[in-house]
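Engineer: Sharing a structure, written as structure tokens. Questions coming.
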Amino acid sequence: MSALAEHRRAVARTVTMVIVVAAVLVAVPYALPNDYWVDRVAGWIPLAVAALGLNLLTGYNGQISLGHGALYGTGAYATALILNHLGWPYLLAVVGSAVVCFVAGVLVGLPALRIKGLYLALVTLAVAVLFPQILEQFSSVTGGSAGLGITESALNHRGVVVEQSIRFDPPEGSGLSTAQWRYFFMVAVAVVCFVITRNIIHSRTGRAIVAIRDNETAAEVSGVDVARTKVLTFGVSASLAGVAGALFALFQATQPSRISSGSFTLLVSLYFLVAIVIGGPQSIIGPALGAIAIGVFRDVITPELPERVKTATPLILGALLIVSVLAAPGGIVGTVESVRARRRRSPATITPTPTTEEP
Amino acid sequence: MSQFVQYVAIGLGNGATYAMLGLGLVVIFRSTGLLNFAQGEMAMFATFFVWKLHDLGLALWLALLVGIAGGFLLGVVTHQLVVRPVGDPHRHPLAVVIVTVGLFLAFNATASLIWGSGQQPLENLFGRSSVNLAGTAVSWQKIGTLVVLGGVALVFWLIFQKTKIGLAMRAVASNPESSALSGVPVTRVLMIGWGLAAAVGALAGTLTVPVSGAVDSNLMQLALVYSFAAITLGGFDSLLGAVVGGLAIGLVTDVLPRYVSAFEQMPLAPAFLLILLVLLVRPEGLFGRKAVVRP
């Protein structure tokens with residue numbers, strides 16, 4: 001097969017995949033039986049985006065963070081405070097949270113230049129455990145464990161101004177339910193995040209990010225500005241976690257529910273790690289697959305289990321984590337790829353390749 | 001003043017449990033260079049074991065002894081089944097973090113699966129009475145915990161300095177390859193290290209219960225971070241450092257928040273700042289050996 005044909009096939013495959021993914025994402029809210037399930041699936045989106053951010057940092061750049069739950073939480077509270085006090089449009093609040101978390105990420109990334117590997121994991125673990133305590137300490141702003149809702153001023157039917165929970169009202173004539181409209185909003189933001197991350201990875205900066213993971217000294221010698229790249233990666237990763245948190249806050253607030261210190265425990269940070277390990281670190285789509293796997297576990301399988309073993313879900317996830325590392329370090333994506341590569345290679349070994357006969 | 005003495009006593013008593021957990025972390029770090037993120041959950045698991053035995057009618061001290069033995073076994077099995085296959089933690093730090101985090105989740109869930117997610121009451125090992133020290137009532141529980149810490153530290157010191165297996169453990173810590181070549185059973189040594197770490201966890205857990213009030217699956221999460229702070233301060237490879245660091249962290253997290261309102265709801269904050277400061281300024285800690293890295 002000539003190189004051109006190979007290239008054409010690769011392009012065709014990518015285009016097909018994009019179309020299939022887009023079709024699935026659009027079809028989901030119509031295919032699901034009711035709004036309850038649309039909301040369950042929408043609830044997986046923040047996890048996917050946060051895992052995407054963690055994967056950029058941990059999977060591609062090799063900096064381990066067990067504290068992304070705190071950045072996720074920062075994004076959520078940033079959105080809540082922006083909407084409560086400034087009343088910006090939702091999309092602008094999401095962008096604002098991304099900026100806030102970018103700054104926070106850079107601030108965390110600076111000491112991480114000196115603290116590496118296991119020690120960085122240790123410090124970020126402490127951040128994850130500290131975060132709910134910070135929320136408690138500043139409960140006058142954050143609402144602490146009682147929680148914080150997002151409200152807006154509105155006129156009630158008697159013409160009096162009241163504070164009411166924000167809502168996701170679908171556009172007139174779209175025929176969408178609130179849950180469906182909320183799902184589309186979240187999916188759109190998530191897709192933008194995935195595309196941006198993909199472009200970063202495939203750029204010059206992306207190659208620098210990976211080079212630093214593989215060998216920091218070699219990267220430095222080859223002219224990569226290691227410090228700058230690492231801090232920036234931390235910032236971008238944090239802002240993705242912030243966007244995820246913002247989506248989570250909007251999702252919660254329009255249920256209507258609240259975000260509280262209990263929503264951002266250490267377990268949240270660990271689940272991000274589970275998502276990238278199961279889905280496939282070092283792949284763009286891996287974190288999304290991992291998030292779907294966790295979501296299916298949490299919302300589809302767990303409710304079916306007998307009451308007695310419901311608490312076993314984390315056990316299964318923990319076991320999956322260990323098994324992935326020991327048996328399938330590439331996660332779902334890596335396993336699929338290696339199976340496909342093996343299948344592609346096997347016919348080639350039977351029929352001799354004609355490369356030597358080409359002019 | 002007497003109030004201050006009381007806070008100090010509470011701090012030292014709690015610090016002693018962090019120190020014990022820290023000793024377990026140090027033993028594992030020295031022999032394998034690995035930070036065990038599941039140390040707290042292993043301790044919690046072993047504590048549930050103690051509670052169950054006591055619940056079945058065994059005297060608490062006897063239950064504790066059996067629990068320590070059970071903890072040892074738990075550590076050994078964990079090492080053999082899960083940790084050993086991962087390989088060199090310095091070459092694969094991410095894999096090690098992921099596996100110990102996996103253990104964390106698994107132990108946590110298994111405990112709720114077996115023993116339920118509720119809180120189980122466990123009586124104090126040293127009773128509820130207190131003693132008058134210089135005009136301040138100090139509970140026996142705190143004094144007892146400190147004495148136990150002294151005993152544990154002594155036992156660890158004896159094991160490392162006076163026994164053959166301790167010598168082997170030090171050899172493996174300094175150079176696993178050479179010690180393997182000179183006939184040290186490296187795997188068995190690492191296995192025993194994990195066993196010791198989990199065994200001391202059972203002790204730390206049982207002594208933490210009076211502070212938290214009950215045994216539940218989140219018993220040791222905060223204690224784990226405190227004991228990490230302790231060994232960061234003391235030095236990751238120093239037994240003495242774990243003891244001193246543990247007591248210091250106990251003091252910082254129990255005394256400071258009573259007087260500084262900024263830390264009132266977040267006792268972890270001073271410990272966290274300490275971790276950050278030590279790792280940035282003096283990564284080997286107070287008593288640790290400086291790691292020399294050849295790039």
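Here's how to read the names in the structure tokens: chain A, B, ... by the order shown, residue numbers from 1 in each chain, ligand numbers from 1 in the order shown.
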Please, which residues in chain A fall within 8 Å of chain B when counting only C-alpha atoms, and what is the closest atom pair and distance in Å to one decimal for each, ordered by chain then residue number, as JSON lines?
Structural biologist:
{"residue": "A:Gly62", "atom": "CA", "partner": "B:Leu94", "partner_atom": "CA", "distance": 7.8}
{"residue": "A:Ile64", "atom": "CA", "partner": "B:Leu94", "partner_atom": "CA", "distance": 6.7}
{"residue": "A:Pro111", "atom": "CA", "partner": "B:Leu280", "partner_atom": "CA", "distance": 7.2}
{"residue": "A:Arg114", "atom": "CA", "partner": "B:Leu280", "partner_atom": "CA", "distance": 6.6}
{"residue": "A:Ile115", "atom": "CA", "partner": "B:Leu279", "partner_atom": "CA", "distance": 6.6}
{"residue": "A:Gly117", "atom": "CA", "partner": "B:Pro93", "partner_atom": "CA", "distance": 6.0}
{"residue": "A:Leu118", "atom": "CA", "partner": "B:Pro93", "partner_atom": "CA", "distance": 6.0}
{"residue": "A:Ala121", "atom": "CA", "partner": "B:Val97", "partner_atom": "CA", "distance": 7.5}
{"residue": "A:Leu122", "atom": "CA", "partner": "B:Phe228", "partner_atom": "CA", "distance": 7.5}
{"residue": "A:Val123", "atom": "CA", "partner": "B:Leu276", "partner_atom": "CA", "distance": 7.0}
{"residue": "A:Leu125", "atom": "CA", "partner": "B:Val225", "partner_atom": "CA", "distance": 7.7}
{"residue": "A:Ala126", "atom": "CA", "partner": "B:Val225", "partner_atom": "CA", "distance": 6.1}
{"residue": "A:Val127", "atom": "CA", "partner": "B:Phe272", "partner_atom": "CA", "distance": 7.6}
{"residue": "A:Val129", "atom": "CA", "partner": "B:Leu222", "partner_atom": "CA", "distance": 7.4}
{"residue": "A:Leu130", "atom": "CA", "partner": "B:Leu268", "partner_atom": "CA", "distance": 6.1}
{"residue": "A:Gln133", "atom": "CA", "partner": "B:Met266", "partner_atom": "CA", "distance": 4.8}
{"residue": "A:Ile134", "atom": "CA", "partner": "B:Met266", "partner_atom": "CA", "distance": 6.1}
{"residue": "A:Glu136", "atom": "CA", "partner": "B:Gln265", "partner_atom": "CA", "distance": 6.0}
{"residue": "A:Gln137", "atom": "CA", "partner": "B:Gln265", "partner_atom": "CA", "distance": 4.7}
{"residue": "A:Thr217", "atom": "CA", "partner": "B:Pro295", "partner_atom": "CA", "distance": 7.6}
{"residue": "A:Leu270", "atom": "CA", "partner": "B:Val101", "partner_atom": "CA", "distance": 7.3}
{"residue": "A:Leu273", "atom": "CA", "partner": "B:Ile98", "partner_atom": "CA", "distance": 7.7}
{"residue": "A:Arg308", "atom": "CA", "partner": "B:Leu113", "partner_atom": "CA", "distance": 7.3}
{"residue": "A:Val309", "atom": "CA", "partner": "B:Leu113", "partner_atom": "CA", "distance": 6.2}
{"residue": "A:Thr311", "atom": "CA", "partner": "B:Leu113", "partner_atom": "CA", "distance": 5.9}
{"residue": "A:Ala312", "atom": "CA", "partner": "B:Ala109", "partner_atom": "CA", "distance": 5.5}
{"residue": "A:Thr313", "atom": "CA", "partner": "B:Ala109", "partner_atom": "CA", "distance": 7.3}
{"residue": "A:Pro314", "atom": "CA", "partner": "B:Ala109", "partner_atom": "CA", "distance": 5.6}
{"residue": "A:Leu315", "atom": "CA", "partner": "B:Ala106", "partner_atom": "CA", "distance": 4.1}
{"residue": "A:Ile316", "atom": "CA", "partner": "B:Ala106", "partner_atom": "CA", "distance": 7.2}
{"residue": "A:Leu317", "atom": "CA", "partner": "B:Leu105", "partner_atom": "CA", "distance": 7.4}
{"residue": "A:Gly318", "atom": "CA", "partner": "B:Gly102", "partner_atom": "CA", "distance": 4.0}
{"residue": "A:Ala319", "atom": "CA", "partner": "B:Gly102", "partner_atom": "CA", "distance": 6.3}
{"residue": "A:Leu320", "atom": "CA", "partner": "B:Gly102", "partner_atom": "CA", "distance": 7.8}
{"residue": "A:Leu321", "atom": "CA", "partner": "B:Gly102", "partner_atom": "CA", "distance": 5.4}
{"residue": "A:Ile322", "atom": "CA", "partner": "B:Val99", "partner_atom": "CA", "distance": 5.1}
{"residue": "A:Val325", "atom": "CA", "partner": "B:Ala95", "partner_atom": "CA", "distance": 6.3}
{"residue": "A:Leu326", "atom": "CA", "partner": "B:Val86", "partner_atom": "CA", "distance": 6.5}
Engineer: If we count only C-alpha atoms and set the cut-off at 8 Å, which residues sit around region 224-239 of chain A, ignoring sequence neighbours fewer than 3 positions away in its own chain? Please answer as a PyMOL selection string.
Structural biologist: chain A and resi 52-57+61+68+71-72+75+97-106+108-110+113+205+208-209+212+216+219-221+242-243
Engineer: Tell me which of B:Leu73, B:Leu65, B:Val8, B:Val172 sits closest to Ile28 (chain B), counting only C-alpha atoms.
Structural biologist: B:Val172
Engineer: Neighbours of region 137-139 of chain B within 12 Å (only C-alpha atoms; same-chain residues fewer than 4 positions away dropped), as a PyMOL selection string?
Structural biologist: chain B and resi 2-13+124-133+143-146+210-211
Engineer: One decimal, in Å: what's the spacing between CA of Thr187 (chain B) and CA of Asn175 (chain B)?
Structural biologist: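 We find that CA of Thr187 (chain B) and CA of Asn175 (chain B) lie 13.4 Å from each other.
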Engineer: For the atom pair CA of Asn84 (chain A) and CA of Gly69 (chain A), what is the interatomic distance in Å to one decimal place?
Structural biologist: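 Rounded to one decimal, the two atoms are 22.2 Å apart.
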Engineer: Kindly give the distance, in Å, that separates CA of Trp115 (chain B) and CA of Leu196 (chain B), rounded to a single decimal.
Structural biologist: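 About the pair CA of Trp115 (chain B) and CA of Leu196 (chain B): they are 24.1 Å apart.
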